[in-house]
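Asker: structure_23.txt is reproduced below (compact mmCIF, C-alpha atoms).
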```txt
# COMPACT_ATOMS: atom_id res chain seq x y z
CA MET A 1 0.00 0.00 0.00
CA SER A 2 1.49 3.32 -0.99
CA LEU A 3 1.46 6.48 1.08
CA SER A 4 -0.81 8.20 -1.37
CA HIS A 5 -3.41 5.53 -0.77
CA LEU A 6 -3.18 6.19 2.95
CA ARG A 7 -3.74 9.85 2.27
CA HIS A 8 -6.82 9.15 0.24
CA ALA A 9 -8.20 6.99 2.99
CA GLY A 10 -7.66 9.88 5.39
CA LEU A 11 -5.23 7.94 7.59
CA VAL A 12 -2.23 10.22 7.20
CA PRO A 13 -2.53 13.97 7.57
CA ALA A 14 -1.94 15.87 4.38
CA SER A 15 0.83 17.88 5.94
CA ILE A 16 2.98 14.75 6.10
CA VAL A 17 2.14 13.44 2.66
CA PRO A 18 1.81 16.43 0.39
CA GLN A 19 1.82 14.19 -2.66
CA GLY A 20 -1.63 13.70 -4.09
CA SER A 21 -2.31 11.51 -7.05
CA ARG A 22 -1.51 14.67 -8.97
CA PRO A 23 1.97 15.62 -7.87
CA LEU A 24 2.25 18.78 -5.83
CA ARG A 25 5.40 20.09 -7.35
CA THR A 26 7.66 21.33 -4.64
CA ARG A 27 11.38 21.79 -4.33
CA ASN A 28 13.55 21.61 -1.27
CA SER A 29 13.35 24.84 0.62
CA GLY A 30 16.70 24.37 2.34
CA PRO A 31 17.58 23.59 5.94
CA ARG A 32 15.53 24.98 8.81
CA ASN A 33 16.29 24.95 12.48
CA LYS A 34 15.41 21.73 14.25
CA SER A 35 13.00 22.88 16.95
CA GLY A 36 11.16 24.88 14.32
CA VAL A 37 10.78 21.73 12.26
CA THR A 38 9.47 19.75 15.24
CA ALA A 39 7.06 22.52 16.18
CA GLY A 40 6.00 22.67 12.55
CA ILE A 41 5.31 18.94 12.45
CA VAL A 42 3.30 19.10 15.70
CA LEU A 43 1.35 22.10 14.44
CA GLY A 44 0.85 20.34 11.12
CA LEU A 45 -0.53 17.27 12.88
CA LEU A 46 -2.92 19.42 14.92
CA LEU A 47 -4.19 21.42 11.97
CA ALA A 48 -4.10 18.65 9.39
CA THR A 49 -6.83 18.60 6.78
CA PRO A 50 -6.60 16.62 3.58
CA ALA A 51 -4.90 18.67 0.88
CA ILE A 52 -7.11 19.08 -2.15
CA ALA A 53 -4.80 17.80 -4.83
CA ASP A 54 -7.49 16.24 -6.98
CA SER A 55 -10.16 17.95 -9.00
CA GLY A 56 -13.73 17.70 -7.80
CA LEU A 57 -15.01 16.76 -11.23
CA PRO A 58 -16.58 13.34 -11.84
CA PRO A 59 -14.42 10.87 -13.80
CA ALA A 60 -14.51 10.91 -17.60
CA ALA A 61 -17.35 8.94 -19.18
CA LEU A 62 -15.30 5.85 -20.06
CA ALA A 63 -12.84 5.99 -17.14
CA ASN A 64 -14.72 3.46 -15.02
CA THR A 65 -17.29 2.14 -17.47
CA GLN A 66 -16.57 -0.87 -19.63
CA LEU A 67 -17.22 -0.87 -23.34
CA HIS A 68 -20.42 -2.66 -24.41
CA ASP A 69 -18.59 -5.05 -26.71
CA PRO A 70 -16.74 -7.57 -24.50
CA ALA A 71 -14.15 -8.23 -27.21
CA LEU A 72 -13.27 -4.53 -27.48
CA GLU A 73 -13.23 -4.17 -23.69
CA ALA A 74 -10.81 -7.11 -23.43
CA LYS A 75 -8.58 -5.44 -26.00
CA ALA A 76 -8.68 -2.13 -24.10
CA GLN A 77 -8.06 -3.88 -20.78
CA ALA A 78 -5.04 -5.75 -22.17
CA LEU A 79 -3.56 -2.44 -23.31
CA MET A 80 -4.38 -0.57 -20.10
CA VAL A 81 -2.47 -3.00 -17.87
CA THR A 82 0.68 -2.29 -19.91
CA LEU A 83 0.47 1.51 -19.74
CA ARG A 84 2.06 3.39 -16.87
CA CYS A 85 0.10 5.83 -14.76
CA LEU A 86 2.14 9.02 -15.10
CA VAL A 87 1.32 10.46 -11.69
CA CYS A 88 1.62 7.29 -9.59
CA GLN A 89 4.49 5.90 -11.70
CA GLY A 90 4.49 2.44 -10.11
CA GLN A 91 1.01 1.46 -11.23
CA SER A 92 -0.65 0.77 -14.52
CA ILE A 93 -3.54 2.99 -15.55
CA ALA A 94 -5.82 -0.01 -15.03
CA ASP A 95 -4.83 -0.14 -11.34
CA SER A 96 -4.76 3.54 -10.46
CA ASP A 97 -7.42 5.75 -8.92
CA ALA A 98 -5.69 8.96 -10.00
CA ASP A 99 -7.75 11.40 -12.06
CA MET A 100 -5.22 11.33 -14.85
CA ALA A 101 -5.21 7.52 -15.01
CA GLY A 102 -9.00 7.70 -15.37
CA ASP A 103 -8.64 10.16 -18.22
CA MET A 104 -6.07 7.88 -19.86
CA ARG A 105 -8.44 4.88 -19.55
CA ALA A 106 -11.15 6.99 -21.16
CA LEU A 107 -8.76 7.85 -23.98
CA VAL A 108 -7.84 4.18 -24.53
CA ARG A 109 -11.47 2.99 -24.54
CA GLN A 110 -12.60 5.82 -26.83
CA ARG A 111 -9.92 5.01 -29.36
CA ILE A 112 -10.43 1.24 -29.17
CA ALA A 113 -14.17 1.79 -29.65
CA ALA A 114 -13.38 3.96 -32.66
CA GLY A 115 -11.52 1.03 -34.19
CA GLU A 116 -7.94 2.06 -33.51
CA SER A 117 -5.44 -0.74 -32.87
CA PRO A 118 -3.88 -1.07 -29.37
CA GLU A 119 -0.36 -0.77 -30.82
CA SER A 120 -1.22 2.48 -32.56
CA ILE A 121 -2.55 3.92 -29.26
CA ARG A 122 0.61 2.79 -27.47
CA HIS A 123 2.68 4.44 -30.21
CA TRP A 124 0.66 7.67 -29.85
CA LEU A 125 1.42 7.77 -26.12
CA ILE A 126 5.13 6.91 -26.60
CA GLU A 127 5.34 9.83 -29.04
CA ARG A 128 4.21 12.11 -26.20
CA TYR A 129 5.73 10.62 -23.07
CA GLY A 130 8.61 8.49 -24.34
CA ASP A 131 9.12 4.77 -23.69
CA TYR A 132 8.54 5.42 -19.99
CA VAL A 133 4.78 5.27 -20.51
CA THR A 134 4.77 1.64 -21.63
CA TYR A 135 5.45 -1.39 -19.45
CA ASP A 136 6.37 -3.32 -22.58
CA PRO A 137 9.62 -1.57 -23.46
CA PRO A 138 10.69 -1.80 -27.10
CA PHE A 139 14.18 -3.12 -27.91
CA SER A 140 16.64 -0.21 -28.06
CA ALA A 141 20.19 0.61 -27.01
CA VAL A 142 18.93 1.43 -23.50
CA THR A 143 16.84 -1.71 -23.07
CA ALA A 144 19.29 -4.07 -24.79
CA PRO A 145 20.91 -5.20 -21.48
CA LEU A 146 17.45 -5.94 -20.10
CA TRP A 147 16.66 -8.31 -22.96
CA LEU A 148 20.14 -9.75 -23.48
CA ALA A 149 21.26 -10.23 -19.85
CA PRO A 150 19.05 -13.34 -19.25
CA ILE A 151 20.42 -15.01 -22.38
CA LEU A 152 23.97 -14.12 -21.40
CA LEU A 153 23.47 -15.38 -17.83
CA LEU A 154 21.96 -18.61 -19.11
CA ALA A 155 24.96 -19.11 -21.38
CA ILE A 156 27.33 -18.55 -18.44
CA GLY A 157 25.29 -21.03 -16.40
CA VAL A 158 25.53 -23.70 -19.09
CA TRP A 159 29.27 -23.09 -19.37
CA LEU A 160 29.73 -23.42 -15.59
CA ALA A 161 27.58 -26.54 -15.44
CA ARG A 162 29.54 -28.11 -18.27
CA GLY A 163 32.76 -27.47 -16.38
CA SER A 164 31.45 -29.11 -13.20
CA PHE A 165 30.09 -32.19 -14.96
CA LYS A 166 33.40 -32.72 -16.74
CA ARG A 167 35.36 -32.62 -13.51
CA ARG A 168 33.04 -35.16 -11.87
CA LYS A 169 33.57 -37.58 -14.73
CA ARG A 170 37.34 -37.47 -14.44
CA THR A 171 37.58 -38.24 -10.70
CA MET B 172 43.98 -17.24 -15.52
CA LYS B 173 42.31 -19.34 -12.84
CA ARG B 174 43.64 -17.11 -10.08
CA GLY B 175 42.24 -14.05 -11.82
CA LEU B 176 38.87 -15.73 -12.17
CA LEU B 177 38.75 -16.18 -8.41
CA TRP B 178 38.43 -12.42 -8.03
CA LEU B 179 35.55 -12.17 -10.48
CA PRO B 180 32.69 -12.55 -7.95
CA PHE B 181 34.33 -9.94 -5.73
CA ALA B 182 34.75 -7.59 -8.67
CA LEU B 183 31.09 -8.05 -9.59
CA PHE B 184 30.07 -7.37 -6.00
CA ALA B 185 32.21 -4.22 -5.92
CA LEU B 186 30.61 -3.08 -9.17
CA LEU B 187 27.10 -3.66 -7.81
CA PHE B 188 28.03 -1.89 -4.58
CA GLY B 189 29.28 1.06 -6.61
CA VAL B 190 26.06 1.24 -8.61
CA VAL B 191 23.92 1.15 -5.46
CA ALA B 192 26.09 3.77 -3.72
CA PHE B 193 25.85 6.02 -6.75
CA GLY B 194 22.06 5.60 -6.82
CA LEU B 195 21.86 6.61 -3.17
CA LYS B 196 23.95 9.71 -3.75
CA ALA B 197 22.17 10.81 -6.90
CA PRO B 198 18.55 9.62 -6.86
CA ALA B 199 16.92 9.20 -10.24
CA ASP B 200 15.01 12.12 -11.70
CA ARG B 201 11.35 11.05 -11.79
CA THR B 202 10.21 14.02 -13.82
CA ILE B 203 8.51 12.99 -17.03
CA HIS B 204 9.59 15.33 -19.79
CA SER B 205 7.29 15.72 -22.74
CA ALA B 206 8.60 14.12 -25.92
CA MET B 207 6.70 16.81 -27.83
CA VAL B 208 9.38 19.46 -27.33
CA GLY B 209 10.72 20.35 -30.77
CA LYS B 210 7.59 18.99 -32.45
CA PRO B 211 4.53 20.87 -33.71
CA LEU B 212 1.75 21.61 -31.24
CA PRO B 213 -1.06 19.06 -31.74
CA ASP B 214 -4.25 20.44 -33.27
CA PHE B 215 -6.99 21.15 -30.77
CA ALA B 216 -9.96 23.43 -30.22
CA LEU B 217 -11.19 23.84 -26.66
CA PRO B 218 -14.34 25.74 -25.66
CA GLY B 219 -14.11 28.60 -23.17
CA ILE B 220 -14.61 27.83 -19.49
CA ILE B 221 -15.70 31.27 -18.26
CA GLN B 222 -18.11 33.80 -19.82
CA THR B 223 -15.60 36.63 -20.13
CA LYS B 224 -12.87 34.80 -22.04
CA PRO B 225 -12.76 32.92 -25.34
CA GLY B 226 -11.70 29.29 -25.58
CA LEU B 227 -8.39 28.15 -27.00
CA ASP B 228 -7.65 27.03 -30.53
CA SER B 229 -4.27 25.68 -31.70
CA THR B 230 -4.39 27.91 -34.83
CA LEU B 231 -3.67 30.86 -32.49
CA PHE B 232 -0.11 29.54 -32.14
CA HIS B 233 0.64 29.82 -35.86
CA LYS B 234 0.37 33.60 -36.04
CA GLY B 235 4.07 34.43 -36.06
CA LYS B 236 4.57 35.44 -32.43
CA PRO B 237 5.78 33.13 -29.64
CA ARG B 238 3.32 32.55 -26.78
CA LEU B 239 3.20 30.76 -23.46
CA LEU B 240 0.74 27.93 -22.98
CA ASN B 241 0.07 27.34 -19.29
CA VAL B 242 -1.54 24.08 -18.16
CA PHE B 243 -3.21 24.76 -14.81
CA ALA B 244 -6.18 24.09 -12.54
CA SER B 245 -8.00 25.94 -9.79
CA TRP B 246 -7.57 22.92 -7.48
CA CYS B 247 -3.78 22.88 -7.90
CA ILE B 248 -1.80 24.49 -5.10
CA PRO B 249 1.51 25.12 -6.93
CA CYS B 250 -0.58 26.96 -9.55
CA VAL B 251 -1.41 29.51 -6.85
CA ALA B 252 2.30 29.78 -6.08
CA GLU B 253 3.25 30.53 -9.69
CA ALA B 254 0.43 33.03 -10.29
CA PRO B 255 2.50 36.13 -9.31
CA GLN B 256 5.24 35.09 -11.77
CA LEU B 257 2.73 34.69 -14.58
CA MET B 258 1.39 38.17 -13.73
CA ARG B 259 4.95 39.48 -13.98
CA LEU B 260 5.39 37.88 -17.41
CA LYS B 261 2.09 39.41 -18.51
CA MET B 262 3.31 42.86 -17.38
CA MET B 263 6.40 42.32 -19.53
CA GLY B 264 4.09 41.87 -22.51
CA VAL B 265 4.30 38.09 -22.85
CA PRO B 266 1.06 36.66 -24.26
CA ILE B 267 -0.15 33.79 -22.07
CA ASP B 268 -2.98 31.35 -22.79
CA ALA B 269 -4.13 28.55 -20.60
CA ILE B 270 -5.69 25.13 -20.56
CA ALA B 271 -7.77 24.47 -17.44
CA ILE B 272 -7.61 20.80 -16.45
CA ARG B 273 -10.71 19.12 -14.96
CA ASP B 274 -12.22 22.38 -13.82
CA THR B 275 -15.44 24.40 -13.65
CA GLY B 276 -16.27 27.99 -14.59
CA PRO B 277 -17.08 29.23 -11.07
CA ALA B 278 -13.92 27.63 -9.63
CA ILE B 279 -11.77 29.30 -12.32
CA GLU B 280 -13.49 32.67 -11.72
CA GLY B 281 -12.68 32.39 -8.01
CA PHE B 282 -9.08 31.37 -8.76
CA LEU B 283 -8.54 34.35 -11.08
CA ARG B 284 -10.17 36.75 -8.57
CA ARG B 285 -7.87 35.57 -5.80
CA ASN B 286 -4.61 35.14 -7.73
CA GLY B 287 -4.81 37.58 -10.63
CA ASP B 288 -5.60 36.90 -14.26
CA PRO B 289 -2.61 36.68 -16.64
CA TYR B 290 -4.51 34.82 -19.39
CA GLU B 291 -5.76 35.98 -22.78
CA ARG B 292 -7.71 32.79 -23.40
CA ILE B 293 -8.60 29.75 -21.33
CA GLY B 294 -9.59 26.43 -22.88
CA ASP B 295 -11.74 23.94 -20.98
CA ASP B 296 -10.14 20.47 -20.87
CA LYS B 297 -12.50 18.44 -18.68
CA ILE B 298 -11.01 15.01 -19.44
CA SER B 299 -7.34 16.03 -19.82
CA ALA B 300 -7.51 15.12 -23.52
CA VAL B 301 -5.40 18.03 -24.77
CA GLN B 302 -3.08 17.70 -21.77
CA LEU B 303 -2.39 14.08 -22.77
CA SER B 304 -1.83 15.08 -26.39
CA LEU B 305 0.81 17.58 -25.19
CA GLY B 306 2.72 14.97 -23.24
CA SER B 307 2.03 16.87 -20.02
CA SER B 308 1.82 14.78 -16.88
CA GLY B 309 0.60 17.19 -14.24
CA VAL B 310 -0.23 20.74 -13.29
CA PRO B 311 1.24 23.29 -13.51
CA GLU B 312 3.24 23.03 -16.69
CA THR B 313 4.13 25.76 -19.16
CA PHE B 314 4.99 25.33 -22.81
CA VAL B 315 6.83 27.90 -24.91
CA VAL B 316 5.39 27.79 -28.45
CA ASP B 317 7.01 29.70 -31.30
CA GLY B 318 5.02 31.64 -33.90
CA GLN B 319 4.91 28.65 -36.28
CA GLY B 320 3.20 26.38 -33.78
CA LYS B 321 6.30 24.46 -32.70
CA ILE B 322 6.82 23.62 -29.02
CA VAL B 323 10.28 24.89 -28.13
CA GLN B 324 10.37 24.39 -24.37
CA GLN B 325 8.50 22.79 -21.50
CA HIS B 326 8.65 24.09 -17.96
CA ILE B 327 7.55 21.46 -15.44
CA GLY B 328 6.21 22.60 -12.08
CA ASP B 329 5.51 26.09 -10.81
CA ILE B 330 7.38 28.99 -12.37
CA ARG B 331 9.56 30.71 -9.78
CA GLU B 332 11.29 34.03 -9.90
CA GLU B 333 14.57 32.39 -10.92
CA ASP B 334 12.88 30.61 -13.85
CA ILE B 335 11.80 33.85 -15.53
CA PRO B 336 15.10 34.62 -17.36
CA ALA B 337 15.17 31.14 -18.96
CA LEU B 338 11.56 31.50 -20.11
CA LEU B 339 12.21 34.98 -21.52
CA ALA B 340 15.31 33.65 -23.30
CA ALA B 341 13.27 30.79 -24.80
CA LEU B 342 10.62 33.27 -25.97
CA GLN B 343 13.33 35.51 -27.41
CA GLY B 344 14.98 32.58 -29.18
CA ALA B 345 11.64 31.56 -30.65
CA GLN B 346 11.09 34.95 -32.34
```
Can I see the file as structure tokens?

Answerer:
Amino acid sequence: MSLSHLRHAGLVPASIVPQGSRPLRTRNSGPRNKSGVTAGIVLGLLLATPAIADSGLPPAALANTQLHDPALEAKAQALMVTLRCLVCQGQSIADSDADMAGDMRALVRQRIAAGESPESIRHWLIERYGDYVTYDPPFSAVTAPLWLAPILLLAIGVWLARGSFKRRKRT
Amino acid sequence: MKRGLLWLPFALFALLFGVVAFGLKAPADRTIHSAMVGKPLPDFALPGIIQTKPGLDSTLFHKGKPRLLNVFASWCIPCVAEAPQLMRLKMMGVPIDAIAIRDTGPAIEGFLRRNGDPYERIGDDKISAVQLSLGSSGVPETFVVDGQGKIVQQHIGDIREEDIPALLAALQGAQ
């Protein structure tokens, strides 16, 4: 369970977790004196109210509503689990409650319903957000180690195993 | 050869240790930069969100003069923080338009009354559709668009006093 979930459930005061599902963009404001920080935390705990970091608008029409055609919905769902939520960053848009994830689900369902292919939607998003947005990273110079390392490690394993078996035979 | 190989696991461990230590010292930058910088602004036409201001149309950015495109919302706290800087840019004669994300007319009116109104036009983006097409991943964000409709720079997060020179330089360079 992430901290932002705790915040949404009202368990952690907003002054401790300023990060909503939309990021509150803040930078470090430099060192402060220690007793001031403690007093600030105590005061923050006393006065804590949930920070409004989400819009009050209802979710987009297709954010939480499945498509009528089960085949199209399955297609949309399969794509949504492989797209990264840009504000929560560790979740797919299918898993996230963030406003923006809802808007991205609506976008995916709209386009699937309009007959667009899942790969073309993924490509559209990669054009805007880079490879980061997809959980199915394409093969490139950056991802090459990711794809090649298992093969390399397997080869090393076979080589090591061969060595050990040979030795056993001799003795 | 065999003796050297003995050190291999240790060398690998040292390498891994180095990588982890480096990661602790310099945490990864989690900012998501738009891949649209350097590309043409996507076509869009958003209706107005308040009575007194027109909506926003992408053709406006093809008229030969660079403009700022601010992505904001009345419910966004850093947007309040950057409002004085946007007012300053407006005073300097920089044309600023905005896209309001998931917002309502009355909420925007209240926001502009409280924080000042630097905007020429405000488009209503209720489902973040245009925001997604811009490669923007939060509010506030500000795009510098040249007079031919090309995005030349993206500023992520609230604009602070120290960010103004870079924005002015980008606008100047986009002339």

Asker: In Å, with one decimal, what is the gap from CA of Val251 (chain B) to CA of Arg292 (chain B)?

Answerer: 18.0 Å

Asker: For chain B versus chain A, which residues have an atom no more than 9 Å away, and what is each residue's nearest atom pair and distance in Å rounded to one decimal, using only C-alpha atoms, chain-then-number order, as CSV?

Answerer:
```
residue,atom,partner,partner_atom,distance
B:Arg201,CA,A:Gln89,CA,8.6
B:Ile203,CA,A:Tyr129,CA,7.1
B:His204,CA,A:Tyr129,CA,6.9
B:Ser205,CA,A:Tyr129,CA,5.3
B:Ala206,CA,A:Arg128,CA,4.8
B:Met207,CA,A:Arg128,CA,5.6
B:Ala244,CA,A:Ser55,CA,8.1
B:Ser245,CA,A:Ser55,CA,8.3
B:Trp246,CA,A:Ser55,CA,5.8
B:Cys247,CA,A:Ala53,CA,6.0
B:Ile248,CA,A:Leu24,CA,7.0
B:Pro249,CA,A:Arg25,CA,6.4
B:Ile272,CA,A:Ser55,CA,8.4
B:Arg273,CA,A:Ser55,CA,6.1
B:Asp274,CA,A:Leu57,CA,6.8
B:Thr275,CA,A:Leu57,CA,8.0
B:Lys297,CA,A:Ala60,CA,7.9
B:Ile298,CA,A:Asp103,CA,5.5
B:Ser299,CA,A:Asp103,CA,6.2
B:Ala300,CA,A:Asp103,CA,7.3
B:Leu303,CA,A:Arg128,CA,7.7
B:Ser304,CA,A:Arg128,CA,6.7
B:Leu305,CA,A:Arg128,CA,6.5
B:Gly306,CA,A:Arg128,CA,4.4
B:Ser307,CA,A:Tyr129,CA,7.9
B:Ser308,CA,A:Leu86,CA,6.0
B:Gly309,CA,A:Arg22,CA,6.2
B:Val310,CA,A:Arg22,CA,7.6
B:Pro311,CA,A:Arg25,CA,8.1
B:Ile327,CA,A:Arg25,CA,8.5
B:Gly328,CA,A:Arg25,CA,5.4
B:Asp329,CA,A:Arg25,CA,6.9
```

Asker: How big is the axis-aligned box, and where does its centre sit, when it encloses all atoms of region 227-245 of chain B listed in the file and has 5 Å added on every side, reported in Å to one decimal as AutoDock Vina command-line options?

Answerer:
```
--center_x -1.3 --center_y 29.8 --center_z -22.9 --size_x 24.2 --size_y 21.4 --size_z 36.3
```

Asker: What's the separation between CA of Arg285 (chain B) and CA of Val242 (chain B), in Å to one decimal place?

Answerer: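 These two atoms are separated by 18.0 Å.
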
Asker: Using all atoms listed in the file, which of B:Gly318, B:Gly344, B:Gly175, B:Pro266 sits nearest Thr230 (chain B)?

Answerer: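 Nearest to Thr230 (chain B): B:Gly318.
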
Asker: In Å to one decimal, how far is CA of Ile93 (chain A) from CA of Ala278 (chain B)?

Answerer: 27.4 Å

Asker: From the set B:Ala345, B:Leu339, B:Leu186, B:Ala216, which residue has the shortest atom-to-atom contact distance to Gly235 (chain B), counting all atoms listed in the file?

Answerer: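 Ranking B:Ala345, B:Leu339, B:Leu186, B:Ala216 by distance to Gly235 (chain B), first place goes to B:Ala345.
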
Asker: Some atoms are absent from region 218-233 of chain B, so rebuild N, CA and C atoms and return them as a PDB file, in the coordinates of the input.

Answerer:
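Generated file (part-v1.pdb):
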```pdb
ATOM      1  N   PRO B 218     -13.380  24.667 -25.943  1.00  0.00           N
ATOM      2  CA  PRO B 218     -14.340  25.740 -25.660  1.00  0.00           C
ATOM      3  C   PRO B 218     -13.866  26.568 -24.474  1.00  0.00           C
ATOM      4  N   GLY B 219     -14.441  27.759 -24.325  1.00  0.00           N
ATOM      5  CA  GLY B 219     -14.110  28.600 -23.170  1.00  0.00           C
ATOM      6  C   GLY B 219     -14.677  27.992 -21.905  1.00  0.00           C
ATOM      7  N   ILE B 220     -14.091  28.373 -20.751  1.00  0.00           N
ATOM      8  CA  ILE B 220     -14.610  27.830 -19.490  1.00  0.00           C
ATOM      9  C   ILE B 220     -15.326  28.910 -18.690  1.00  0.00           C
ATOM     10  N   ILE B 221     -14.971  30.187 -18.927  1.00  0.00           N
ATOM     11  CA  ILE B 221     -15.700  31.270 -18.260  1.00  0.00           C
ATOM     12  C   ILE B 221     -16.295  32.210 -19.311  1.00  0.00           C
ATOM     13  N   GLN B 222     -17.360  32.934 -18.911  1.00  0.00           N
ATOM     14  CA  GLN B 222     -18.110  33.800 -19.820  1.00  0.00           C
ATOM     15  C   GLN B 222     -17.234  34.863 -20.481  1.00  0.00           C
ATOM     16  N   THR B 223     -16.299  35.422 -19.691  1.00  0.00           N
ATOM     17  CA  THR B 223     -15.600  36.630 -20.130  1.00  0.00           C
ATOM     18  C   THR B 223     -14.388  36.365 -21.015  1.00  0.00           C
ATOM     19  N   LYS B 224     -14.066  35.087 -21.268  1.00  0.00           N
ATOM     20  CA  LYS B 224     -12.870  34.800 -22.040  1.00  0.00           C
ATOM     21  C   LYS B 224     -13.151  33.748 -23.111  1.00  0.00           C
ATOM     22  N   PRO B 225     -12.556  33.928 -24.296  1.00  0.00           N
ATOM     23  CA  PRO B 225     -12.760  32.920 -25.340  1.00  0.00           C
ATOM     24  C   PRO B 225     -12.010  31.619 -25.021  1.00  0.00           C
ATOM     25  N   GLY B 226     -12.403  30.569 -25.714  1.00  0.00           N
ATOM     26  CA  GLY B 226     -11.700  29.290 -25.580  1.00  0.00           C
ATOM     27  C   GLY B 226     -10.378  29.334 -26.322  1.00  0.00           C
ATOM     28  N   LEU B 227      -9.743  28.174 -26.442  1.00  0.00           N
ATOM     29  CA  LEU B 227      -8.390  28.150 -27.000  1.00  0.00           C
ATOM     30  C   LEU B 227      -8.318  27.202 -28.200  1.00  0.00           C
ATOM     31  N   ASP B 228      -7.732  27.745 -29.266  1.00  0.00           N
ATOM     32  CA  ASP B 228      -7.650  27.030 -30.530  1.00  0.00           C
ATOM     33  C   ASP B 228      -6.180  26.966 -30.927  1.00  0.00           C
ATOM     34  N   SER B 229      -5.707  25.810 -31.410  1.00  0.00           N
ATOM     35  CA  SER B 229      -4.270  25.680 -31.700  1.00  0.00           C
ATOM     36  C   SER B 229      -3.827  26.580 -32.865  1.00  0.00           C
ATOM     37  N   THR B 230      -4.777  27.049 -33.697  1.00  0.00           N
ATOM     38  CA  THR B 230      -4.390  27.910 -34.830  1.00  0.00           C
ATOM     39  C   THR B 230      -3.798  29.239 -34.333  1.00  0.00           C
ATOM     40  N   LEU B 231      -4.175  29.618 -33.091  1.00  0.00           N
ATOM     41  CA  LEU B 231      -3.670  30.860 -32.490  1.00  0.00           C
ATOM     42  C   LEU B 231      -2.142  30.855 -32.406  1.00  0.00           C
ATOM     43  N   PHE B 232      -1.555  29.643 -32.351  1.00  0.00           N
ATOM     44  CA  PHE B 232      -0.110  29.540 -32.140  1.00  0.00           C
ATOM     45  C   PHE B 232       0.667  29.538 -33.456  1.00  0.00           C
ATOM     46  N   HIS B 233      -0.028  29.798 -34.548  1.00  0.00           N
ATOM     47  CA  HIS B 233       0.640  29.820 -35.860  1.00  0.00           C
ATOM     48  C   HIS B 233       0.719  31.237 -36.402  1.00  0.00           C
TER      49      HIS B 233
END
```
